[in-house]
$ cat run.cif   # mmCIF, C-alpha atoms
data_my_file
loop_
_atom_site.label_atom_id
_atom_site.label_comp_id
_atom_site.auth_asym_id
_atom_site.auth_seq_id
_atom_site.Cartn_x
_atom_site.Cartn_y
_atom_site.Cartn_z
CA MET A 3 12.12 38.61 -21.49
CA SER A 4 11.09 38.30 -25.12
CA LYS A 5 7.39 37.75 -24.49
CA GLN A 6 4.94 39.77 -22.42
CA GLN A 7 4.90 38.06 -19.00
CA GLN A 8 1.57 36.81 -17.67
CA PRO A 9 0.37 39.18 -14.89
CA ILE A 10 0.81 37.60 -11.46
CA SER A 11 -2.46 36.13 -10.18
CA PRO A 12 -2.38 35.14 -6.49
CA LEU A 13 -5.70 33.33 -7.03
CA LYS A 14 -4.30 31.06 -9.75
CA ASN A 15 -1.24 30.51 -7.58
CA PHE A 16 -3.62 29.36 -4.85
CA PHE A 17 -5.20 26.58 -6.93
CA ALA A 18 -2.03 25.54 -8.73
CA GLY A 19 -0.16 25.46 -5.40
CA GLY A 20 -2.80 23.16 -3.92
CA PHE A 21 -2.34 20.72 -6.78
CA GLY A 22 1.44 20.93 -6.35
CA GLY A 23 0.96 20.06 -2.68
CA VAL A 24 -0.93 16.87 -3.48
CA CYS A 25 1.88 15.82 -5.85
CA LEU A 26 4.42 16.57 -3.12
CA VAL A 27 2.71 14.38 -0.50
CA PHE A 28 2.45 11.39 -2.81
CA ALA A 29 6.11 11.62 -3.75
CA GLY A 30 7.48 12.49 -0.32
CA HIS A 31 5.41 10.92 2.45
CA PRO A 32 7.27 7.59 2.74
CA LEU A 33 10.55 9.38 3.49
CA ASP A 34 8.81 11.78 5.85
CA THR A 35 7.65 8.84 7.96
CA ILE A 36 11.24 7.59 8.06
CA LYS A 37 12.58 11.07 8.89
CA VAL A 38 10.34 11.43 11.93
CA ARG A 39 11.07 7.89 13.14
CA LEU A 40 14.82 8.51 12.88
CA GLN A 41 14.62 11.91 14.58
CA THR A 42 12.58 10.68 17.51
CA GLN A 43 13.95 7.15 18.07
CA PRO A 44 14.79 6.51 21.72
CA LYS A 45 18.39 6.64 22.95
CA PRO A 46 19.62 3.02 23.23
CA LYS A 47 20.36 1.61 26.68
CA PRO A 48 24.04 0.78 27.35
CA GLY A 49 25.00 -2.29 25.34
CA GLU A 50 21.97 -2.10 23.06
CA SER A 51 22.11 -0.80 19.51
CA LEU A 52 19.88 1.86 17.99
CA LEU A 53 16.41 0.78 16.82
CA TYR A 54 17.24 1.94 13.29
CA ALA A 55 20.83 2.06 12.02
CA GLY A 56 19.94 4.64 9.37
CA THR A 57 17.61 5.62 6.55
CA ILE A 58 17.80 2.37 4.56
CA ASP A 59 17.57 0.22 7.70
CA CYS A 60 14.48 2.11 8.86
CA LEU A 61 12.94 1.68 5.39
CA LYS A 62 13.60 -2.08 5.42
CA LYS A 63 12.29 -2.58 8.96
CA THR A 64 9.16 -0.51 8.35
CA VAL A 65 8.30 -2.39 5.14
CA ALA A 66 9.07 -5.75 6.74
CA LYS A 67 6.89 -5.00 9.73
CA GLU A 68 4.03 -2.98 8.23
CA GLY A 69 4.28 -3.46 4.46
CA VAL A 70 4.47 -0.61 1.97
CA LYS A 71 1.30 0.71 3.61
CA GLY A 72 3.38 1.49 6.70
CA LEU A 73 5.29 4.08 4.71
CA TYR A 74 2.04 5.88 3.93
CA LYS A 75 0.93 5.93 7.59
CA GLY A 76 -0.75 9.15 8.56
CA MET A 77 -0.98 10.39 4.96
CA ALA A 78 -4.58 11.57 5.23
CA ALA A 79 -3.60 14.39 7.59
CA PRO A 80 -0.91 15.84 5.28
CA ILE A 81 -3.15 15.56 2.20
CA ILE A 82 -5.93 17.42 4.02
CA GLY A 83 -3.39 19.83 5.52
CA VAL A 84 -0.87 20.17 2.70
CA THR A 85 -3.30 20.95 -0.09
CA PRO A 86 -4.60 24.16 1.53
CA MET A 87 -1.14 24.85 2.94
CA PHE A 88 0.62 24.80 -0.42
CA ALA A 89 -2.30 26.71 -1.87
CA VAL A 90 -1.77 29.40 0.80
CA CYS A 91 2.00 29.17 0.40
CA PHE A 92 1.97 29.82 -3.35
CA PHE A 93 -0.77 32.43 -2.83
CA GLY A 94 1.48 34.22 -0.31
CA PHE A 95 4.37 34.10 -2.76
CA GLY A 96 2.16 35.47 -5.56
CA LEU A 97 0.88 38.21 -3.28
CA GLY A 98 4.39 39.04 -2.10
CA LYS A 99 5.52 39.39 -5.71
CA LYS A 100 2.47 41.44 -6.69
CA LEU A 101 2.89 43.84 -3.75
CA GLN A 102 6.45 44.63 -4.82
CA GLN A 103 5.62 45.32 -8.45
CA ARG A 104 4.93 48.91 -9.45
CA THR A 105 3.61 47.80 -12.85
CA PRO A 106 2.56 44.31 -13.99
CA ASP A 107 5.68 44.18 -16.20
CA ASP A 108 8.17 44.78 -13.39
CA ILE A 109 10.74 41.99 -13.16
CA LEU A 110 11.65 41.37 -9.52
CA THR A 111 15.19 41.15 -8.15
CA TYR A 112 16.34 38.09 -6.17
CA PRO A 113 16.13 39.88 -2.78
CA GLN A 114 12.54 40.83 -3.67
CA LEU A 115 11.76 37.21 -4.55
CA PHE A 116 13.32 36.15 -1.23
CA ALA A 117 11.08 38.65 0.60
CA ALA A 118 8.01 37.35 -1.27
CA GLY A 119 8.99 33.81 -0.26
CA MET A 120 9.33 34.87 3.39
CA LEU A 121 5.80 36.30 3.29
CA SER A 122 4.54 32.93 2.10
CA GLY A 123 6.31 31.35 5.12
CA VAL A 124 4.35 33.58 7.51
CA PHE A 125 1.09 32.66 5.75
CA THR A 126 1.73 28.93 5.93
CA THR A 127 2.80 28.84 9.59
CA ALA A 128 -0.70 29.81 10.71
CA ILE A 129 -2.05 26.62 9.11
CA MET A 130 1.07 24.57 9.47
CA ALA A 131 1.91 24.72 13.16
CA PRO A 132 -1.07 22.71 14.49
CA GLY A 133 -0.91 20.22 11.60
CA GLU A 134 2.78 19.56 12.21
CA ARG A 135 2.25 19.07 15.93
CA ILE A 136 -0.49 16.52 15.30
CA LYS A 137 1.49 14.77 12.56
CA CYS A 138 4.55 14.35 14.83
CA LEU A 139 2.48 13.04 17.73
CA LEU A 140 0.70 10.48 15.52
CA GLN A 141 3.90 9.37 13.78
CA ILE A 142 5.81 8.71 16.99
CA GLN A 143 2.99 6.85 18.72
CA ALA A 144 3.16 4.31 15.88
CA SER A 145 6.83 3.65 16.64
CA THR A 146 6.66 3.86 20.47
CA GLY A 147 3.71 1.48 20.53
CA GLU A 148 1.49 3.27 23.07
CA VAL A 149 -1.70 4.44 21.38
CA LYS A 150 -2.97 7.62 22.97
CA TYR A 151 -4.80 9.19 20.02
CA ALA A 152 -7.27 7.42 17.75
CA GLY A 153 -6.55 9.79 14.86
CA PRO A 154 -6.01 13.45 13.90
CA MET A 155 -9.38 14.76 15.16
CA ASP A 156 -9.08 12.84 18.41
CA CYS A 157 -5.59 14.30 18.85
CA VAL A 158 -6.93 17.86 18.40
CA LYS A 159 -9.72 17.24 20.91
CA GLN A 160 -7.35 15.83 23.54
CA LEU A 161 -4.78 18.59 23.11
CA TYR A 162 -7.52 21.21 23.35
CA ARG A 163 -8.92 19.57 26.49
CA GLU A 164 -5.47 19.36 28.09
CA SER A 165 -4.12 22.83 27.35
CA GLY A 166 -6.51 24.84 25.21
CA ILE A 167 -5.63 26.46 21.90
CA ARG A 168 -2.01 26.91 23.13
CA GLY A 169 -1.58 23.14 23.25
CA ILE A 170 -2.54 22.88 19.60
CA TYR A 171 -0.26 25.76 18.58
CA ARG A 172 2.76 24.62 20.61
CA GLY A 173 6.00 25.18 18.71
CA THR A 174 4.70 28.02 16.52
CA ALA A 175 7.76 30.23 17.11
CA LEU A 176 9.94 27.33 15.98
CA THR A 177 7.77 26.71 12.94
CA LEU A 178 8.19 30.41 12.03
CA MET A 179 11.97 30.19 12.55
CA ARG A 180 11.99 27.20 10.24
CA ASP A 181 9.58 28.30 7.54
CA VAL A 182 10.14 32.02 7.04
CA PRO A 183 13.82 31.97 5.98
CA ALA A 184 13.43 28.53 4.37
CA SER A 185 10.48 29.67 2.22
CA GLY A 186 12.44 32.71 1.10
CA MET A 187 15.26 30.40 0.06
CA TYR A 188 12.83 27.94 -1.56
CA PHE A 189 11.17 30.35 -3.95
CA MET A 190 14.24 32.44 -4.65
CA SER A 191 16.36 29.41 -5.58
CA TYR A 192 13.55 28.02 -7.76
CA GLU A 193 13.23 31.28 -9.72
CA TRP A 194 17.03 31.56 -9.96
CA LEU A 195 17.43 28.01 -11.31
CA LYS A 196 14.55 28.48 -13.73
CA HIS A 197 16.27 31.61 -15.01
CA LEU A 198 19.57 29.74 -15.26
CA LEU A 199 18.04 26.85 -17.22
CA THR A 200 16.06 28.99 -19.65
CA PRO A 201 17.82 29.19 -23.02
CA ALA A 202 18.57 32.72 -24.29
CA GLY A 203 15.61 34.40 -25.96
CA LYS A 204 13.11 31.89 -24.55
CA SER A 205 10.53 32.54 -21.84
CA HIS A 206 10.48 30.79 -18.45
CA ASN A 207 7.13 29.27 -19.35
CA GLU A 208 8.70 27.15 -22.08
CA LEU A 209 11.01 25.20 -19.75
CA SER A 210 11.16 21.47 -20.42
CA VAL A 211 9.80 18.98 -17.88
CA PRO A 212 13.27 17.75 -16.81
CA SER A 213 14.36 21.36 -16.23
CA VAL A 214 11.30 22.08 -14.07
CA LEU A 215 11.90 18.85 -12.14
CA PHE A 216 15.54 19.76 -11.58
CA ALA A 217 14.81 23.35 -10.50
CA GLY A 218 12.02 22.19 -8.17
CA GLY A 219 14.09 19.39 -6.67
CA MET A 220 17.08 21.66 -6.03
CA ALA A 221 14.82 24.34 -4.53
CA GLY A 222 13.64 21.70 -2.07
CA ILE A 223 17.23 20.94 -1.13
CA PHE A 224 18.09 24.63 -0.62
CA ASN A 225 14.93 25.02 1.44
CA TRP A 226 15.83 22.15 3.79
CA ALA A 227 19.48 23.11 4.12
CA VAL A 228 18.14 26.20 5.90
CA ALA A 229 15.27 24.43 7.65
CA ILE A 230 16.76 21.27 9.19
CA PRO A 231 18.24 22.68 12.43
CA PRO A 232 15.01 24.44 13.52
CA ASP A 233 13.07 21.37 12.29
CA VAL A 234 15.00 19.02 14.60
CA LEU A 235 14.39 21.39 17.53
CA LYS A 236 10.72 21.61 16.60
CA SER A 237 10.23 17.82 16.36
CA ARG A 238 11.82 17.47 19.81
CA PHE A 239 9.87 20.32 21.35
CA GLN A 240 6.48 19.36 19.92
CA THR A 241 6.73 15.71 20.95
CA ALA A 242 8.16 16.36 24.44
CA PRO A 243 5.98 15.84 27.52
CA GLU A 244 4.32 18.99 28.91
CA GLY A 245 6.71 21.18 30.93
CA LYS A 246 9.94 19.43 29.91
CA TYR A 247 11.31 22.58 28.26
CA PRO A 248 10.05 25.58 30.27
CA ASN A 249 12.02 28.16 28.24
CA GLY A 250 10.98 26.75 24.90
CA PHE A 251 13.44 26.16 22.10
CA ARG A 252 16.46 27.57 24.01
CA ASP A 253 16.21 24.63 26.42
CA VAL A 254 15.87 22.12 23.56
CA LEU A 255 18.92 23.60 21.84
CA ARG A 256 21.00 23.53 25.05
CA GLU A 257 20.06 19.95 25.84
CA LEU A 258 20.72 18.70 22.30
CA ILE A 259 24.12 20.34 22.01
CA ARG A 260 25.13 19.24 25.51
CA GLU A 261 24.05 15.62 25.00
CA GLU A 262 24.73 14.99 21.34
CA GLY A 263 26.82 17.85 19.95
CA VAL A 264 26.19 20.28 17.10
CA ALA A 265 25.95 17.50 14.50
CA SER A 266 22.66 16.40 16.07
CA LEU A 267 21.06 19.55 14.62
CA TYR A 268 21.38 17.85 11.26
CA LYS A 269 19.66 14.62 12.37
CA GLY A 270 17.71 12.93 9.64
CA PHE A 271 19.71 14.88 7.02
CA ASN A 272 19.89 11.98 4.53
CA ALA A 273 16.19 11.14 4.81
CA VAL A 274 15.26 14.80 4.42
CA MET A 275 17.49 15.39 1.40
CA LEU A 276 16.45 12.13 -0.28
CA ARG A 277 12.85 13.19 0.11
CA ALA A 278 13.34 16.87 -0.67
CA PHE A 279 14.39 16.33 -4.26
CA PRO A 280 11.60 14.09 -5.62
CA ALA A 281 8.89 15.65 -3.45
CA ASN A 282 9.62 19.23 -4.49
CA ALA A 283 10.34 18.29 -8.08
CA ALA A 284 6.85 16.74 -8.13
CA CYS A 285 5.39 19.78 -6.39
CA PHE A 286 6.75 22.40 -8.80
CA LEU A 287 5.94 20.25 -11.83
CA GLY A 288 2.37 19.91 -10.57
CA PHE A 289 2.27 23.66 -9.92
CA GLU A 290 3.58 24.59 -13.40
CA LEU A 291 1.21 22.19 -15.17
CA ALA A 292 -1.78 23.41 -13.17
CA MET A 293 -0.71 27.00 -13.87
CA LYS A 294 -0.59 26.35 -17.63
CA PHE A 295 -4.02 24.75 -17.44
CA LEU A 296 -5.47 27.72 -15.48
CA ASN A 297 -3.91 30.28 -17.83
CA TRP A 298 -5.50 28.42 -20.72
CA LEU A 299 -8.83 28.11 -18.90
CA ALA A 300 -9.08 31.72 -17.70
CA PRO A 301 -6.41 33.83 -19.43
CA ASN A 302 -7.62 37.13 -17.95
CA LEU A 303 -8.17 36.17 -14.34
#

$ encode --input "run.cif" --output "C-alpha cells"
Amino acid sequence: MSKQQQPISPLKNFFAGGFGGVCLVFAGHPLDTIKVRLQTQPKPKPGESLLYAGTIDCLKKTVAKEGVKGLYKGMAAPIIGVTPMFAVCFFGFGLGKKLQQRTPDDILTYPQLFAAGMLSGVFTTAIMAPGERIKCLLQIQASTGEVKYAGPMDCVKQLYRESGIRGIYRGTALTLMRDVPASGMYFMSYEWLKHLLTPAGKSHNELSVPSVLFAGGMAGIFNWAVAIPPDVLKSRFQTAPEGKYPNGFRDVLRELIREEGVASLYKGFNAVMLRAFPANAACFLGFELAMKFLNWLAPNL
C-alpha cells in the first residue's frame, strides 16, 4: 500500500453499511419477490402446468396482474429491517477486522477477512431470522391468496400468540448455516476483487465506480453460490405449517431430495443470481460513497 490506510472504524462501517442496505433493497427487491414466489409455488396437479414457468414468466405475470407495484410488495419490511441489518453486518465485519489487527497498519490475510466476514454473519442472524420469517410468510400469502396477516406487525403478534418467541425465531439455525459461511465468502471475495482491480501503486480507495460495482456485484454472486442450498431449506422450513418437520432442517432436506432430487437445492438460482449482481453492486457502491463522505466529515473518528 503506497498510502497510509485509514484506521478501521466499526462505527463508520455501521452508518455506511446502513446506507448500502437501502441501495441494495431498491435495486434487488423486485427479483426477491420473484425468487420467493418461484421457490414456494405449489406443485402442479397431474395434467396442470406450473403457475410460473420461470423467472421471466413470473415477472410478466406479476406485472400484468399487479403492476410494477406488485414487484415492490412487502418492501417496507426489508427497508426497516435491512438498513439496521446491513449496518450491523458491516459493523461486524469492521469489528472482526479490527480484532485481528495488532496495529492499525496491519494488512489482513484472506483467511482473516473470511473470519471477519463470518463474525458479521453471526451478528446479522440475530436481527435477520425473525425478519426473514415474516417476509417469507407475507410474500407467500400474496401468491396463495389467503390473507392471514394484515402486515408485518400483525404477523409478529400472531406468531408470538401462537408459539411465543420461538415462533418468531423459527429457522434460526438455518439462517446461521446460510449466513455465516456466505458472509465470510461475501466480504473476502469483495476485498480480493478490489485488490485485483486496483492498479499497481494505487490505493483501494481510488477505485473507479465501475470497478466497485463489478467487485460488489461479483461478491454478491459468490455469497449466494454458498447460500442458496440452505436458503431453499430455510424458505421451506419457515413457511411450513407448524409440526410438519419435527426434526428441523434434516427433515426438509430429506423430503426435498426424495421428492425433487439434489437440483431442487438450487431452486430459484436464476432469480437469485440476476438479483445478486445489481443489488450487491448497488450496496457496495452506496457503502463506499458513504464511507468517503464519513471520512471527509469526521476524519479522526

$ residues_around --input "run.cif" --residues "Asn282 of chain A" --least-positions-apart "2" --cutoff "10 Å" --atoms "all atoms listed in the file" --output "CSV table (one decimal) with C-alpha atoms, in the coordinates of the input"
chain,number,residue,atom,x,y,z
A,22,GLY,CA,1.4,20.9,-6.4
A,23,GLY,CA,1.0,20.1,-2.7
A,25,CYS,CA,1.9,15.8,-5.8
A,26,LEU,CA,4.4,16.6,-3.1
A,27,VAL,CA,2.7,14.4,-0.5
A,29,ALA,CA,6.1,11.6,-3.8
A,30,GLY,CA,7.5,12.5,-0.3
A,188,TYR,CA,12.8,27.9,-1.6
A,215,LEU,CA,11.9,18.8,-12.1
A,216,PHE,CA,15.5,19.8,-11.6
A,217,ALA,CA,14.8,23.4,-10.5
A,218,GLY,CA,12.0,22.2,-8.2
A,219,GLY,CA,14.1,19.4,-6.7
A,220,MET,CA,17.1,21.7,-6.0
A,221,ALA,CA,14.8,24.3,-4.5
A,222,GLY,CA,13.6,21.7,-2.1
A,223,ILE,CA,17.2,20.9,-1.1
A,225,ASN,CA,14.9,25.0,1.4
A,277,ARG,CA,12.8,13.2,0.1
A,278,ALA,CA,13.3,16.9,-0.7
A,279,PHE,CA,14.4,16.3,-4.3
A,280,PRO,CA,11.6,14.1,-5.6
A,284,ALA,CA,6.8,16.7,-8.1
A,285,CYS,CA,5.4,19.8,-6.4
A,286,PHE,CA,6.8,22.4,-8.8
A,287,LEU,CA,5.9,20.2,-11.8
A,288,GLY,CA,2.4,19.9,-10.6

$ resolve_selection --input "run.cif" --expression "the PyMOL selection byres ((chain A and resi 97-105) around 7)" --output "MDAnalysis selection string"
chainID A and resid 10 12 93:96 106:108 115 118 121

$ closest_residue --input "run.cif" --among "A:Leu195, A:Met179, A:Ile58, A:Val158" --to "Val234 of chain A" --atoms "all atoms listed in the file"
A:Met179

$ residues_around --input "run.cif" --residues "Phe88 of chain A" --least-positions-apart "3" --cutoff "8 Å" --atoms "only C-alpha atoms" --output "ChimeraX atom specification"
/A:16,19-20,22-23,84-85,91-92,126

$ atom_distance --input "run.cif" --atom1 "atom CA of Ile82 of chain A" --atom2 "atom CA of Ile170 of chain A"
16.9 Å

$ atom_distance --input "run.cif" --atom1 "atom CA of Leu73 of chain A" --atom2 "atom CA of Thr35 of chain A"
6.2 Å

$ closest_residue --input "run.cif" --among "A:Gly250, A:Pro231, A:Gly72, A:Pro80" --to "Gly173 of chain A" --atoms "only C-alpha atoms"
A:Gly250

$ closest_residue --input "run.cif" --among "A:Cys60, A:Ala283, A:Leu13, A:Ile230" --to "Arg180 of chain A" --atoms "all atoms listed in the file"
A:Ile230

$ residues_around --input "run.cif" --residues "Lys294 of chain A" --least-positions-apart "2" --cutoff "12 Å" --atoms "all atoms listed in the file" --output "PDB file with C-alpha atoms, in the frame of the given file"
ATOM      1  CA  GLN A   8       1.570  36.810 -17.670  1.00  0.00           C
ATOM      2  CA  LYS A  14      -4.300  31.060  -9.750  1.00  0.00           C
ATOM      3  CA  ASN A  15      -1.240  30.510  -7.580  1.00  0.00           C
ATOM      4  CA  PHE A  17      -5.200  26.580  -6.930  1.00  0.00           C
ATOM      5  CA  ALA A  18      -2.030  25.540  -8.730  1.00  0.00           C
ATOM      6  CA  HIS A 206      10.480  30.790 -18.450  1.00  0.00           C
ATOM      7  CA  ASN A 207       7.130  29.270 -19.350  1.00  0.00           C
ATOM      8  CA  GLU A 208       8.700  27.150 -22.080  1.00  0.00           C
ATOM      9  CA  LEU A 209      11.010  25.200 -19.750  1.00  0.00           C
ATOM     10  CA  LEU A 287       5.940  20.250 -11.830  1.00  0.00           C
ATOM     11  CA  GLY A 288       2.370  19.910 -10.570  1.00  0.00           C
ATOM     12  CA  PHE A 289       2.270  23.660  -9.920  1.00  0.00           C
ATOM     13  CA  GLU A 290       3.580  24.590 -13.400  1.00  0.00           C
ATOM     14  CA  LEU A 291       1.210  22.190 -15.170  1.00  0.00           C
ATOM     15  CA  ALA A 292      -1.780  23.410 -13.170  1.00  0.00           C
ATOM     16  CA  LEU A 296      -5.470  27.720 -15.480  1.00  0.00           C
ATOM     17  CA  ASN A 297      -3.910  30.280 -17.830  1.00  0.00           C
ATOM     18  CA  TRP A 298      -5.500  28.420 -20.720  1.00  0.00           C
ATOM     19  CA  LEU A 299      -8.830  28.110 -18.900  1.00  0.00           C
ATOM     20  CA  ALA A 300      -9.080  31.720 -17.700  1.00  0.00           C
ATOM     21  CA  PRO A 301      -6.410  33.830 -19.430  1.00  0.00           C
TER      22      PRO A 301
END

$ atom_distance --input "run.cif" --atom1 "atom CA of Pro32 of chain A" --atom2 "atom CA of Glu262 of chain A"
26.6 Å
